[in-house]
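J.: One structure is given below, represented as structure tokens, and several questions about it will come after.
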Amino acid sequence: MVLPIVKYPNKILRTKGKDLTFPLSPNRRKLIKDMLDTVRKAGGVGLAAPQIGQSLNLIVVNLEHQEVPAFVLINPRIKSSSRKTAEFEEGCLSIPGVFGKLKRPEKITFEAADLTGKKLVLEVDGIVAEVIQHEIDHINGVLIIDKITEYTKGEELLKGVKE
Ligand code: NI
């Protein structure tokens with residue numbers, strides 16, 4: 001089921017998520033499936049639970065167009081980040097029409113649980129690291145507009161918007 005996406009400046013986008021507990025309830029499993037449906041339908045590369053109105057530490061990543069199968073990360077946390085940064089141009093499904101350049105660490109090591117609660121620790125770089133950092137920002141209440149150093153599109157859409 002495709003869910004409605006919460007738009008900026010809704011306060012839930014600034015609310016920190018809570019960890020999920022295991023085993024996952026049928027409702028939580030359904031929510032994860034719905035988030036995957038929603039990110040695919042929206043043509044997004046990632047989606048975090050606050051964006052569908054749930055303050056939970058839950059994200060999905062959808063890089064199917066890059067031949068990476070979509071996956072879910074539960075209670076994800078960044079353990080370490082490279083000092084070296086890379087510049088990205090990003091948008092956000094919750095801030096439609098707004099795009100800009102920002103810098104993020106090029107490489108991260110993160111931990112997360114899978115659907116069974118098994119913890120994994122992975123090192124990633126490139127677009128996977130970019131998307132995971134963007135989505136982990138969401139569950140910490142951080143948005144791209146906090147990090148953009150140069151808007152490339154839609155800056156005027158933010159004028160007069162108050163949080
Ligand atoms: Ni976003």
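We name chains A, B, ... following the order of the structure tokens; residues begin at 1 in each chain, and ligands are numbered from 1 as shown.
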Taking only C-alpha atoms and all ligand atoms into account, list the residues no farther than 7 Å from ligand 1, as a list in words.
T.: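 Residues satisfying the distance criterion: Leu47, Gly91, Cys92, Leu93, Ser94, His134, Glu135, His138 and Leu143 of chain A.
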J.: If we count only C-alpha atoms, what is near A:Lys16 at a cut-off of 12 Å, once residues fewer than 3 positions away on the same chain are taken out, given as a PyMOL selection string?
T.: chain A and resi 11-13+19+48-51+53-58+75+136-143
J.: Hey, can you spit out that residue selection with C-alpha atoms as an mmCIF file, in the first residue's frame?
T.:
data_model
loop_
_atom_site.group_PDB
_atom_site.id
_atom_site.type_symbol
_atom_site.label_atom_id
_atom_site.label_comp_id
_atom_site.auth_asym_id
_atom_site.auth_seq_id
_atom_site.Cartn_x
_atom_site.Cartn_y
_atom_site.Cartn_z
ATOM 1 C CA LYS A 11 6.967 18.955 12.842
ATOM 2 C CA ILE A 12 7.263 15.181 12.698
ATOM 3 C CA LEU A 13 10.164 15.694 10.285
ATOM 4 C CA ASP A 19 14.105 2.157 18.120
ATOM 5 C CA ALA A 48 12.590 7.238 6.417
ATOM 6 C CA ALA A 49 9.707 6.453 8.777
ATOM 7 C CA PRO A 50 9.145 10.104 9.869
ATOM 8 C CA GLN A 51 8.312 10.841 6.231
ATOM 9 C CA GLY A 53 4.324 10.040 9.878
ATOM 10 C CA GLN A 54 6.032 7.506 12.179
ATOM 11 C CA SER A 55 8.757 8.531 14.642
ATOM 12 C CA LEU A 56 10.663 5.279 14.280
ATOM 13 C CA ASN A 57 14.272 4.427 13.516
ATOM 14 C CA LEU A 58 13.451 2.722 10.284
ATOM 15 C CA ASN A 75 17.650 1.061 14.109
ATOM 16 C CA ILE A 136 19.655 8.489 8.991
ATOM 17 C CA ASP A 137 19.549 12.297 9.104
ATOM 18 C CA HIS A 138 15.745 12.015 8.783
ATOM 19 C CA ILE A 139 15.389 9.784 11.834
ATOM 20 C CA ASN A 140 17.488 12.329 13.735
ATOM 21 C CA GLY A 141 15.238 15.188 12.614
ATOM 22 C CA VAL A 142 17.849 16.599 10.215
ATOM 23 C CA LEU A 143 16.886 17.755 6.718
#
J.: Could you write out, as a ChimeraX atom specification, all the residues of chain A that DSSP marks as helix (DSSP H, G or I)?
T.: /A:11-14,26-42,49-52,64-66,126-139,144-146,155-158
J.: Write out as a short mmCIF file (atom, residue, chain, number, x, y, z; two decimals) with N, CA and C atoms, in the first residue's frame the residues lying within 8 Å of stretch 77-86 of chain A, counting only C-alpha atoms and excluding same-chain residues fewer than 5 positions away.
T.:
data_model
loop_
_atom_site.label_atom_id
_atom_site.label_comp_id
_atom_site.auth_asym_id
_atom_site.auth_seq_id
_atom_site.Cartn_x
_atom_site.Cartn_y
_atom_site.Cartn_z
N LYS A 103 27.77 18.64 1.26
CA LYS A 103 28.90 17.72 1.42
C LYS A 103 28.59 16.72 2.52
N ARG A 104 29.03 15.51 2.28
CA ARG A 104 28.90 14.46 3.29
C ARG A 104 30.19 13.65 3.29
N PRO A 105 30.46 12.94 4.41
CA PRO A 105 31.58 12.00 4.38
C PRO A 105 31.41 11.03 3.21
N GLU A 106 32.53 10.71 2.58
CA GLU A 106 32.49 9.86 1.39
C GLU A 106 32.19 8.40 1.75
N LYS A 107 32.66 8.02 2.93
CA LYS A 107 32.55 6.61 3.33
C LYS A 107 32.06 6.56 4.77
N ILE A 108 31.17 5.61 5.05
CA ILE A 108 30.71 5.45 6.44
C ILE A 108 30.71 3.96 6.82
N THR A 109 30.82 3.74 8.12
CA THR A 109 30.55 2.41 8.67
C THR A 109 29.31 2.56 9.53
N PHE A 110 28.32 1.72 9.28
CA PHE A 110 27.08 1.83 10.05
C PHE A 110 26.68 0.46 10.56
N GLU A 111 25.84 0.49 11.61
CA GLU A 111 25.23 -0.76 12.06
C GLU A 111 23.72 -0.63 11.95
N ALA A 112 23.07 -1.75 11.76
CA ALA A 112 21.61 -1.77 11.67
C ALA A 112 21.16 -3.20 11.89
N ILE A 136 19.36 8.47 7.55
CA ILE A 136 19.66 8.49 8.99
C ILE A 136 19.49 9.91 9.51
#
J.: Expressed in Å to a single decimal, how great is the separation between atom CA of A:His65 and atom CA of A:Glu89?
T.: 17.5 Å
J.: Kindly indicate which residue among A:Gly117, A:Gly126, A:Gly160, A:Pro96 lies nearest to A:Leu20, using only C-alpha atoms for the distances.
T.: A:Gly117
J.: What's around A:Val61 at 7 Å? Count only C-alpha atoms, leave out sequence neighbours fewer than 3 positions away in its own chain, and write the answer as a PDB file with all heavy atoms, in the first residue's frame.
T.:
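Here's the written file result_0.pdb:
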ATOM      1  N   VAL A  45      14.978   7.380  -3.892  1.00  0.00           N
ATOM      2  CA  VAL A  45      16.070   6.437  -3.615  1.00  0.00           C
ATOM      3  C   VAL A  45      16.068   5.991  -2.154  1.00  0.00           C
ATOM      4  O   VAL A  45      16.775   5.061  -1.786  1.00  0.00           O
ATOM      5  CB  VAL A  45      17.451   7.019  -3.994  1.00  0.00           C
ATOM      6  CG1 VAL A  45      17.581   7.122  -5.502  1.00  0.00           C
ATOM      7  CG2 VAL A  45      17.692   8.362  -3.337  1.00  0.00           C
ATOM      8  N   GLY A  46      15.291   6.684  -1.332  1.00  0.00           N
ATOM      9  CA  GLY A  46      15.214   6.286   0.067  1.00  0.00           C
ATOM     10  C   GLY A  46      14.019   6.928   0.737  1.00  0.00           C
ATOM     11  O   GLY A  46      13.435   7.893   0.205  1.00  0.00           O
ATOM     12  N   LEU A  47      13.649   6.358   1.882  1.00  0.00           N
ATOM     13  CA  LEU A  47      12.514   6.890   2.639  1.00  0.00           C
ATOM     14  C   LEU A  47      12.729   6.516   4.106  1.00  0.00           C
ATOM     15  O   LEU A  47      13.134   5.396   4.417  1.00  0.00           O
ATOM     16  CB  LEU A  47      11.205   6.270   2.122  1.00  0.00           C
ATOM     17  CG  LEU A  47       9.893   6.820   2.681  1.00  0.00           C
ATOM     18  CD1 LEU A  47       9.620   8.233   2.143  1.00  0.00           C
ATOM     19  CD2 LEU A  47       8.718   5.908   2.309  1.00  0.00           C
ATOM     20  N   ALA A  70      16.264  -3.300  -3.353  1.00  0.00           N
ATOM     21  CA  ALA A  70      15.803  -2.437  -2.259  1.00  0.00           C
ATOM     22  C   ALA A  70      15.999  -3.162  -0.929  1.00  0.00           C
ATOM     23  O   ALA A  70      15.866  -4.387  -0.853  1.00  0.00           O
ATOM     24  CB  ALA A  70      14.335  -2.083  -2.459  1.00  0.00           C
ATOM     25  N   PHE A  71      16.353  -2.411   0.111  1.00  0.00           N
ATOM     26  CA  PHE A  71      16.548  -3.040   1.414  1.00  0.00           C
ATOM     27  C   PHE A  71      16.063  -2.117   2.533  1.00  0.00           C
ATOM     28  O   PHE A  71      15.880  -0.924   2.348  1.00  0.00           O
ATOM     29  CB  PHE A  71      18.012  -3.449   1.635  1.00  0.00           C
ATOM     30  CG  PHE A  71      19.020  -2.345   1.534  1.00  0.00           C
ATOM     31  CD1 PHE A  71      19.406  -1.636   2.658  1.00  0.00           C
ATOM     32  CD2 PHE A  71      19.597  -2.011   0.307  1.00  0.00           C
ATOM     33  CE1 PHE A  71      20.350  -0.620   2.577  1.00  0.00           C
ATOM     34  CE2 PHE A  71      20.541  -0.998   0.211  1.00  0.00           C
ATOM     35  CZ  PHE A  71      20.917  -0.301   1.352  1.00  0.00           C
ATOM     36  N   VAL A  72      15.856  -2.749   3.695  1.00  0.00           N
ATOM     37  CA  VAL A  72      15.390  -2.032   4.872  1.00  0.00           C
ATOM     38  C   VAL A  72      16.498  -2.064   5.919  1.00  0.00           C
ATOM     39  O   VAL A  72      17.227  -3.053   6.037  1.00  0.00           O
ATOM     40  CB  VAL A  72      14.083  -2.663   5.413  1.00  0.00           C
ATOM     41  CG1 VAL A  72      14.250  -4.134   5.712  1.00  0.00           C
ATOM     42  CG2 VAL A  72      13.584  -1.940   6.652  1.00  0.00           C
TER      43      VAL A  72
END
J.: If you run DSSP on the backbone, which residues of stretch 4-161 of chain A are strand (DSSP E or B), as a PyMOL selection string?
T.: chain A and resi 18+46-48+56+58-61+71-81+85-90+99-105+107-113+119-125+150-153
